[in-house]
file my_file_35.cif (mmCIF, N, CA, C and O atoms and all ligand atoms)
data_model
loop_
_atom_site.label_atom_id
_atom_site.label_comp_id
_atom_site.auth_asym_id
_atom_site.auth_seq_id
_atom_site.Cartn_x
_atom_site.Cartn_y
_atom_site.Cartn_z
N MET A 10 0.84 -1.19 0.00
CA MET A 10 0.00 0.00 0.00
C MET A 10 0.88 1.25 0.00
O MET A 10 1.98 1.24 0.54
N ALA A 11 0.35 2.29 -0.59
CA ALA A 11 1.09 3.56 -0.64
C ALA A 11 0.10 4.70 -0.40
O ALA A 11 -1.09 4.55 -0.63
N THR A 12 0.64 5.79 0.08
CA THR A 12 -0.19 6.95 0.34
C THR A 12 0.00 7.96 -0.79
O THR A 12 1.13 8.31 -1.13
N TYR A 13 -1.09 8.36 -1.41
CA TYR A 13 -1.04 9.34 -2.49
C TYR A 13 -1.73 10.62 -2.04
O TYR A 13 -2.67 10.58 -1.27
N GLU A 14 -1.20 11.73 -2.53
CA GLU A 14 -1.72 13.03 -2.11
C GLU A 14 -2.55 13.64 -3.23
O GLU A 14 -2.15 13.62 -4.40
N TYR A 15 -3.70 14.16 -2.87
CA TYR A 15 -4.58 14.84 -3.82
C TYR A 15 -4.90 16.21 -3.26
O TYR A 15 -4.80 16.44 -2.05
N ARG A 16 -5.26 17.13 -4.16
CA ARG A 16 -5.59 18.47 -3.70
C ARG A 16 -6.92 18.91 -4.33
O ARG A 16 -7.10 18.88 -5.53
N CYS A 17 -7.83 19.31 -3.44
CA CYS A 17 -9.11 19.85 -3.88
C CYS A 17 -8.97 21.37 -3.90
O CYS A 17 -8.35 21.95 -3.02
N ASP A 18 -9.53 21.99 -4.94
CA ASP A 18 -9.45 23.46 -5.04
C ASP A 18 -10.13 24.13 -3.87
O ASP A 18 -9.74 25.22 -3.45
N GLU A 19 -11.16 23.49 -3.34
CA GLU A 19 -11.93 24.10 -2.25
C GLU A 19 -11.36 23.75 -0.87
O GLU A 19 -11.24 24.59 0.00
N ASP A 20 -11.03 22.47 -0.68
CA ASP A 20 -10.74 21.98 0.67
C ASP A 20 -9.26 21.68 0.94
O ASP A 20 -8.90 21.28 2.03
N GLY A 21 -8.42 21.85 -0.09
CA GLY A 21 -7.00 21.64 0.14
C GLY A 21 -6.58 20.19 -0.04
O GLY A 21 -7.29 19.40 -0.65
N ALA A 22 -5.42 19.86 0.52
CA ALA A 22 -4.81 18.55 0.27
C ALA A 22 -5.39 17.49 1.20
O ALA A 22 -5.76 17.78 2.33
N PHE A 23 -5.44 16.26 0.69
CA PHE A 23 -5.79 15.12 1.51
C PHE A 23 -5.07 13.90 0.95
O PHE A 23 -4.54 13.94 -0.17
N GLU A 24 -5.01 12.85 1.72
CA GLU A 24 -4.26 11.67 1.31
C GLU A 24 -5.19 10.49 1.13
O GLU A 24 -6.21 10.36 1.82
N VAL A 25 -4.84 9.64 0.16
CA VAL A 25 -5.61 8.44 -0.12
C VAL A 25 -4.64 7.27 -0.16
O VAL A 25 -3.55 7.38 -0.71
N THR A 26 -5.01 6.16 0.45
CA THR A 26 -4.16 4.98 0.45
C THR A 26 -4.66 4.00 -0.60
O THR A 26 -5.83 3.64 -0.62
N ARG A 27 -3.76 3.61 -1.50
CA ARG A 27 -4.08 2.67 -2.56
C ARG A 27 -2.92 1.68 -2.68
O ARG A 27 -1.83 1.92 -2.18
N ALA A 28 -3.16 0.58 -3.40
CA ALA A 28 -2.07 -0.34 -3.69
C ALA A 28 -1.07 0.38 -4.59
O ALA A 28 -1.46 1.28 -5.35
N LEU A 29 0.20 -0.01 -4.51
CA LEU A 29 1.24 0.65 -5.30
C LEU A 29 0.87 0.68 -6.78
O LEU A 29 0.47 -0.34 -7.34
N GLY A 30 1.02 1.83 -7.40
CA GLY A 30 0.80 1.95 -8.84
C GLY A 30 -0.64 2.01 -9.28
O GLY A 30 -0.91 2.01 -10.47
N THR A 31 -1.58 2.07 -8.35
CA THR A 31 -2.99 2.07 -8.76
C THR A 31 -3.65 3.41 -8.47
O THR A 31 -4.88 3.49 -8.50
N ALA A 32 -2.87 4.46 -8.23
CA ALA A 32 -3.47 5.76 -7.92
C ALA A 32 -4.08 6.37 -9.17
O ALA A 32 -3.46 6.37 -10.24
N GLU A 33 -5.30 6.88 -9.05
CA GLU A 33 -5.95 7.53 -10.17
C GLU A 33 -5.42 8.96 -10.31
O GLU A 33 -4.86 9.51 -9.37
N GLU A 34 -5.60 9.53 -11.53
CA GLU A 34 -5.20 10.92 -11.77
C GLU A 34 -6.00 11.87 -10.88
O GLU A 34 -5.49 12.89 -10.43
N SER A 35 -7.26 11.53 -10.66
CA SER A 35 -8.09 12.38 -9.82
C SER A 35 -9.08 11.49 -9.07
O SER A 35 -9.46 10.42 -9.54
N VAL A 36 -9.46 11.93 -7.90
CA VAL A 36 -10.46 11.22 -7.09
C VAL A 36 -11.46 12.26 -6.59
O VAL A 36 -11.23 13.46 -6.70
N ALA A 37 -12.56 11.77 -6.04
CA ALA A 37 -13.56 12.68 -5.49
C ALA A 37 -13.10 13.15 -4.12
O ALA A 37 -12.64 12.36 -3.30
N CYS A 38 -13.21 14.46 -3.90
CA CYS A 38 -12.84 15.02 -2.61
C CYS A 38 -13.80 14.46 -1.54
O CYS A 38 -15.00 14.43 -1.75
N PRO A 39 -13.25 13.99 -0.41
CA PRO A 39 -14.12 13.43 0.62
C PRO A 39 -15.04 14.48 1.25
O PRO A 39 -16.07 14.12 1.82
N ALA A 40 -14.70 15.76 1.14
CA ALA A 40 -15.52 16.79 1.77
C ALA A 40 -16.62 17.29 0.85
O ALA A 40 -17.79 17.35 1.24
N CYS A 41 -16.29 17.63 -0.41
CA CYS A 41 -17.29 18.24 -1.29
C CYS A 41 -17.62 17.39 -2.50
O CYS A 41 -18.45 17.78 -3.31
N MET A 42 -16.95 16.21 -2.64
CA MET A 42 -17.20 15.27 -3.73
C MET A 42 -16.87 15.83 -5.11
O MET A 42 -17.23 15.21 -6.10
N SER A 43 -16.19 16.97 -5.18
CA SER A 43 -15.78 17.45 -6.50
C SER A 43 -14.44 16.78 -6.83
O SER A 43 -13.82 16.12 -6.01
N GLU A 44 -13.99 16.97 -8.07
CA GLU A 44 -12.79 16.30 -8.53
C GLU A 44 -11.54 16.92 -7.90
O GLU A 44 -11.36 18.14 -7.92
N ALA A 45 -10.69 16.08 -7.33
CA ALA A 45 -9.42 16.53 -6.77
C ALA A 45 -8.29 15.88 -7.55
O ALA A 45 -8.29 14.66 -7.75
N ARG A 46 -7.33 16.68 -7.97
CA ARG A 46 -6.24 16.16 -8.79
C ARG A 46 -5.08 15.70 -7.92
O ARG A 46 -4.85 16.20 -6.84
N ARG A 47 -4.38 14.69 -8.44
CA ARG A 47 -3.24 14.15 -7.72
C ARG A 47 -2.10 15.17 -7.74
O ARG A 47 -1.85 15.82 -8.76
N VAL A 48 -1.42 15.32 -6.63
CA VAL A 48 -0.24 16.19 -6.56
C VAL A 48 0.94 15.35 -6.10
O VAL A 48 0.78 14.32 -5.45
N PHE A 49 2.12 15.79 -6.46
CA PHE A 49 3.34 15.07 -6.11
C PHE A 49 4.15 15.93 -5.16
O PHE A 49 4.39 17.11 -5.42
N SER A 50 4.54 15.35 -4.05
CA SER A 50 5.37 16.08 -3.10
C SER A 50 6.55 15.20 -2.74
O SER A 50 6.47 13.98 -2.81
N PRO A 51 7.68 15.82 -2.38
CA PRO A 51 8.85 15.02 -2.03
C PRO A 51 8.53 14.13 -0.83
O PRO A 51 7.91 14.58 0.12
N PRO A 52 8.92 12.87 -0.90
CA PRO A 52 8.60 11.97 0.21
C PRO A 52 9.31 12.39 1.49
O PRO A 52 10.42 12.88 1.45
N MET A 53 8.64 12.22 2.61
CA MET A 53 9.19 12.42 3.94
C MET A 53 9.56 13.87 4.23
O MET A 53 10.23 14.15 5.20
N LEU A 54 9.17 14.82 3.39
CA LEU A 54 9.55 16.20 3.66
C LEU A 54 8.44 16.98 4.35
O LEU A 54 8.64 18.09 4.78
N THR A 55 7.24 16.38 4.43
CA THR A 55 6.17 17.12 5.08
C THR A 55 6.35 17.13 6.59
O THR A 55 5.95 18.06 7.26
N SER A 56 6.97 16.07 7.13
CA SER A 56 7.20 16.03 8.57
C SER A 56 8.69 15.97 8.85
O SER A 56 9.15 15.21 9.69
N THR A 57 9.46 16.78 8.11
CA THR A 57 10.90 16.78 8.25
C THR A 57 11.31 17.34 9.61
O THR A 57 10.83 18.40 10.01
N PRO A 58 12.17 16.64 10.33
CA PRO A 58 12.69 17.23 11.57
C PRO A 58 13.42 18.53 11.27
O PRO A 58 13.98 18.70 10.18
N ARG A 59 13.40 19.44 12.24
CA ARG A 59 13.98 20.76 12.03
C ARG A 59 15.45 20.69 11.59
O ARG A 59 15.86 21.39 10.67
N ALA A 60 16.24 19.81 12.23
CA ALA A 60 17.67 19.72 11.89
C ALA A 60 17.86 19.24 10.45
O ALA A 60 18.71 19.76 9.72
N LEU A 61 17.05 18.27 10.03
CA LEU A 61 17.16 17.77 8.66
C LEU A 61 16.74 18.84 7.67
O LEU A 61 17.38 19.03 6.63
N GLY A 62 15.67 19.56 7.98
CA GLY A 62 15.24 20.64 7.11
C GLY A 62 16.31 21.70 6.95
O GLY A 62 16.56 22.19 5.85
N ALA A 63 16.97 22.04 8.05
CA ALA A 63 18.03 23.03 8.00
C ALA A 63 19.19 22.52 7.16
O ALA A 63 19.78 23.28 6.38
N ALA A 64 19.50 21.23 7.28
CA ALA A 64 20.60 20.66 6.51
C ALA A 64 20.27 20.67 5.02
O ALA A 64 21.13 20.98 4.18
N ILE A 65 19.02 20.37 4.67
CA ILE A 65 18.61 20.37 3.27
C ILE A 65 18.66 21.79 2.72
O ILE A 65 19.18 22.03 1.63
N ASP A 66 18.15 22.77 3.50
CA ASP A 66 18.19 24.16 3.06
C ASP A 66 19.63 24.61 2.84
O ASP A 66 19.95 25.28 1.85
N ARG A 67 20.51 24.22 3.76
CA ARG A 67 21.90 24.62 3.67
C ARG A 67 22.57 24.01 2.45
O ARG A 67 23.34 24.66 1.75
N ALA A 68 22.23 22.73 2.17
CA ALA A 68 22.80 22.06 0.99
C ALA A 68 22.33 22.73 -0.29
O ALA A 68 23.11 22.91 -1.23
N GLU A 69 21.04 23.12 -0.35
CA GLU A 69 20.53 23.80 -1.54
C GLU A 69 21.18 25.16 -1.70
O GLU A 69 21.56 25.56 -2.79
N LYS A 70 21.32 25.87 -0.58
CA LYS A 70 21.91 27.21 -0.64
C LYS A 70 23.36 27.14 -1.09
O LYS A 70 23.83 28.00 -1.84
N SER A 71 24.08 26.09 -0.67
CA SER A 71 25.50 25.99 -1.01
C SER A 71 25.71 25.78 -2.50
O SER A 71 26.79 26.02 -3.02
N ALA A 72 24.65 25.34 -3.22
CA ALA A 72 24.78 25.17 -4.67
C ALA A 72 24.90 26.52 -5.36
O ALA A 72 25.53 26.64 -6.40
N HIS A 73 24.30 27.56 -4.75
CA HIS A 73 24.31 28.89 -5.36
C HIS A 73 25.30 29.82 -4.67
O HIS A 73 25.88 30.68 -5.31
N GLU A 74 25.44 29.67 -3.36
CA GLU A 74 26.33 30.53 -2.60
C GLU A 74 27.25 29.67 -1.75
O GLU A 74 27.02 29.51 -0.55
N PRO A 75 28.28 29.07 -2.37
CA PRO A 75 29.16 28.20 -1.58
C PRO A 75 29.83 28.98 -0.45
O PRO A 75 30.21 30.14 -0.62
N GLU A 76 29.94 28.35 0.69
CA GLU A 76 30.61 29.00 1.81
C GLU A 76 32.11 28.97 1.55
O GLU A 76 32.65 27.97 1.12
N VAL A 77 32.76 30.11 1.79
CA VAL A 77 34.18 30.22 1.55
C VAL A 77 34.92 30.02 2.86
O VAL A 77 34.60 30.65 3.88
N VAL A 78 35.91 29.13 2.83
CA VAL A 78 36.70 28.86 4.03
C VAL A 78 37.91 29.77 4.01
O VAL A 78 38.63 29.86 3.01
N THR A 79 38.14 30.50 5.10
CA THR A 79 39.28 31.42 5.14
C THR A 79 40.35 30.97 6.13
O THR A 79 41.41 31.55 6.18
N SER A 80 40.05 29.96 6.93
CA SER A 80 41.06 29.49 7.87
C SER A 80 40.88 27.99 8.09
O SER A 80 39.83 27.42 7.75
N LEU A 81 41.91 27.39 8.65
CA LEU A 81 41.84 25.96 8.91
C LEU A 81 40.90 25.70 10.08
O LEU A 81 40.79 26.53 10.98
N PRO A 82 40.23 24.57 10.06
CA PRO A 82 39.40 24.23 11.22
C PRO A 82 40.30 23.95 12.42
O PRO A 82 41.47 23.61 12.26
N PRO A 83 39.79 24.15 13.63
CA PRO A 83 40.61 23.88 14.80
C PRO A 83 41.05 22.42 14.84
O PRO A 83 40.31 21.53 14.43
N ALA A 84 42.28 22.20 15.29
CA ALA A 84 42.81 20.84 15.34
C ALA A 84 41.99 20.02 16.32
O ALA A 84 41.65 20.49 17.40
N PRO A 85 41.66 18.81 15.92
CA PRO A 85 40.88 17.98 16.84
C PRO A 85 41.72 17.55 18.04
O PRO A 85 42.94 17.44 17.95
N ALA A 86 41.06 17.37 19.16
CA ALA A 86 41.77 16.91 20.35
C ALA A 86 42.35 15.53 20.07
O ALA A 86 41.73 14.71 19.40
N ARG A 87 43.58 15.31 20.56
CA ARG A 87 44.21 14.01 20.31
C ARG A 87 43.45 12.93 21.05
O ARG A 87 43.14 13.09 22.23
N LYS A 88 43.17 11.89 20.32
CA LYS A 88 42.43 10.79 20.93
C LYS A 88 43.41 9.75 21.45
O LYS A 88 44.33 9.35 20.73
N ARG A 89 43.21 9.34 22.66
CA ARG A 89 44.06 8.29 23.20
C ARG A 89 43.49 6.94 22.81
O ARG A 89 42.28 6.77 22.80
N THR A 90 44.36 6.03 22.47
CA THR A 90 43.90 4.69 22.15
C THR A 90 43.41 4.04 23.44
O THR A 90 44.11 4.04 24.44
N PRO A 91 42.22 3.51 23.41
CA PRO A 91 41.74 2.87 24.63
C PRO A 91 42.59 1.65 24.98
O PRO A 91 43.01 0.90 24.11
N VAL A 92 42.86 1.52 26.23
CA VAL A 92 43.70 0.41 26.70
C VAL A 92 42.79 -0.67 27.26
O VAL A 92 41.96 -0.41 28.13
N LEU A 93 42.97 -1.86 26.72
CA LEU A 93 42.16 -2.97 27.21
C LEU A 93 42.68 -3.43 28.57
O LEU A 93 43.88 -3.38 28.82
N PRO A 94 41.82 -3.87 29.43
CA PRO A 94 42.30 -4.44 30.68
C PRO A 94 43.10 -5.71 30.40
O PRO A 94 42.77 -6.46 29.49
N LEU A 95 44.16 -5.89 31.13
CA LEU A 95 45.04 -7.04 30.87
C LEU A 95 44.47 -8.31 31.50
O LEU A 95 44.76 -8.65 32.63
N THR A 96 43.66 -8.98 30.74
CA THR A 96 43.15 -10.27 31.19
C THR A 96 44.25 -11.31 30.98
O THR A 96 45.19 -11.07 30.22
N PRO A 97 44.20 -12.46 31.62
CA PRO A 97 45.23 -13.49 31.43
C PRO A 97 45.44 -13.83 29.97
O PRO A 97 46.58 -14.04 29.53
N THR A 98 44.38 -13.85 29.18
CA THR A 98 44.52 -14.19 27.76
C THR A 98 45.28 -13.09 27.03
O THR A 98 46.20 -13.36 26.25
N LEU A 99 44.96 -11.84 27.31
CA LEU A 99 45.64 -10.73 26.65
C LEU A 99 47.09 -10.64 27.09
O LEU A 99 47.96 -10.21 26.34
N ARG A 100 47.39 -11.03 28.33
CA ARG A 100 48.74 -10.95 28.87
C ARG A 100 49.70 -11.85 28.09
O ARG A 100 50.88 -11.58 28.01
N ARG A 101 49.18 -12.91 27.50
CA ARG A 101 50.01 -13.86 26.76
C ARG A 101 50.34 -13.38 25.35
O ARG A 101 51.20 -13.92 24.70
N LEU A 102 49.64 -12.36 24.86
CA LEU A 102 49.90 -11.87 23.50
C LEU A 102 51.25 -11.15 23.46
O LEU A 102 51.67 -10.55 24.47
N PRO A 103 51.95 -11.20 22.33
CA PRO A 103 53.22 -10.48 22.21
C PRO A 103 53.00 -8.98 22.31
O PRO A 103 51.98 -8.46 21.87
N ARG A 104 53.92 -8.29 22.94
CA ARG A 104 53.79 -6.84 23.13
C ARG A 104 54.77 -6.13 22.20
O ARG A 104 55.85 -6.66 21.92
N PRO A 105 54.41 -4.97 21.74
CA PRO A 105 55.31 -4.22 20.84
C PRO A 105 56.54 -3.70 21.61
O PRO A 105 56.49 -3.54 22.79
ZN ZN A 201 -13.35 19.44 -1.73
#

call {"tool": "encode", "arguments": {"input": "my_file_35.cif", "output": "structure tokens"}}
result
Amino acid sequence: MATYEYRCDEDGAFEVTRALGTAEESVACPACMSEARRVFSPPMLTSTPRALGAAIDRAEKSAHEPEVVTSLPPAPARKRTPVLPLTPTLRRLPRP
């Protein structure tokens, strides 16, 4: 099953669930029974989380106004290699 979006001129958008590939070009509006045409919207963007929406906006904007880097990013803090506890099995392994 898939959800298809239709828009009525009077009542706005509504969704209809149909089997994949069986959506009609137009259906009757559930409110006024007039013809509502199918509309296409990007999937998952109607309830986009704020952070994802901001990331998408930023990606689109960067296509026209790339951000210019003028300095190096701050050096990352040095990461220490985690040390495993010396179990009897690990103690038998060769050491560098
Ligand atoms: Zn309607």

call {"tool": "residues_near_ligand", "arguments": {"input": "my_file_35.cif", "ligand": "ligand ZN 201 (chain A)", "cutoff": "8 Å", "atoms": "only C-alpha atoms and all ligand atoms", "output": "PyMOL selection string"}}
result
chain A and resi 17-21+37-45

call {"tool": "select_by_dssp", "arguments": {"input": "my_file_35.cif", "residues": "region 35-69 of chain A", "states": "helix (DSSP H, G or I)", "output": "ChimeraX atom specification"}}
result
/A:59-69

call {"tool": "atom_distance", "arguments": {"input": "my_file_35.cif", "atom1": "CA of Lys88 (chain A)", "atom2": "CA of Pro105 (chain A)"}}
result
19.8 Å

call {"tool": "atom_distance", "arguments": {"input": "my_file_35.cif", "atom1": "CA of Val25 (chain A)", "atom2": "CA of Ser50 (chain A)"}}
result
13.7 Å

call {"tool": "atom_distance", "arguments": {"input": "my_file_35.cif", "atom1": "atom C of Val78 (chain A)", "atom2": "atom N of Arg59 (chain A)"}}
result
27.8 Å

call {"tool": "select_by_dssp", "arguments": {"input": "my_file_35.cif", "residues": "region 17-100 of chain A", "states": "strand (DSSP E or B)", "output": "ChimeraX atom specification"}}
result
/A:17,21-27,35-37,44-48

call {"tool": "residues_around", "arguments": {"input": "my_file_35.cif", "residues": "Val48 (chain A)", "least_positions_apart": "2", "cutoff": "9 Å", "atoms": "only C-alpha atoms", "output": "list in words"}}
result
Tyr13, Glu14, Tyr15, Arg16, Ala22, Glu34, Arg46 and Ser50 of chain A
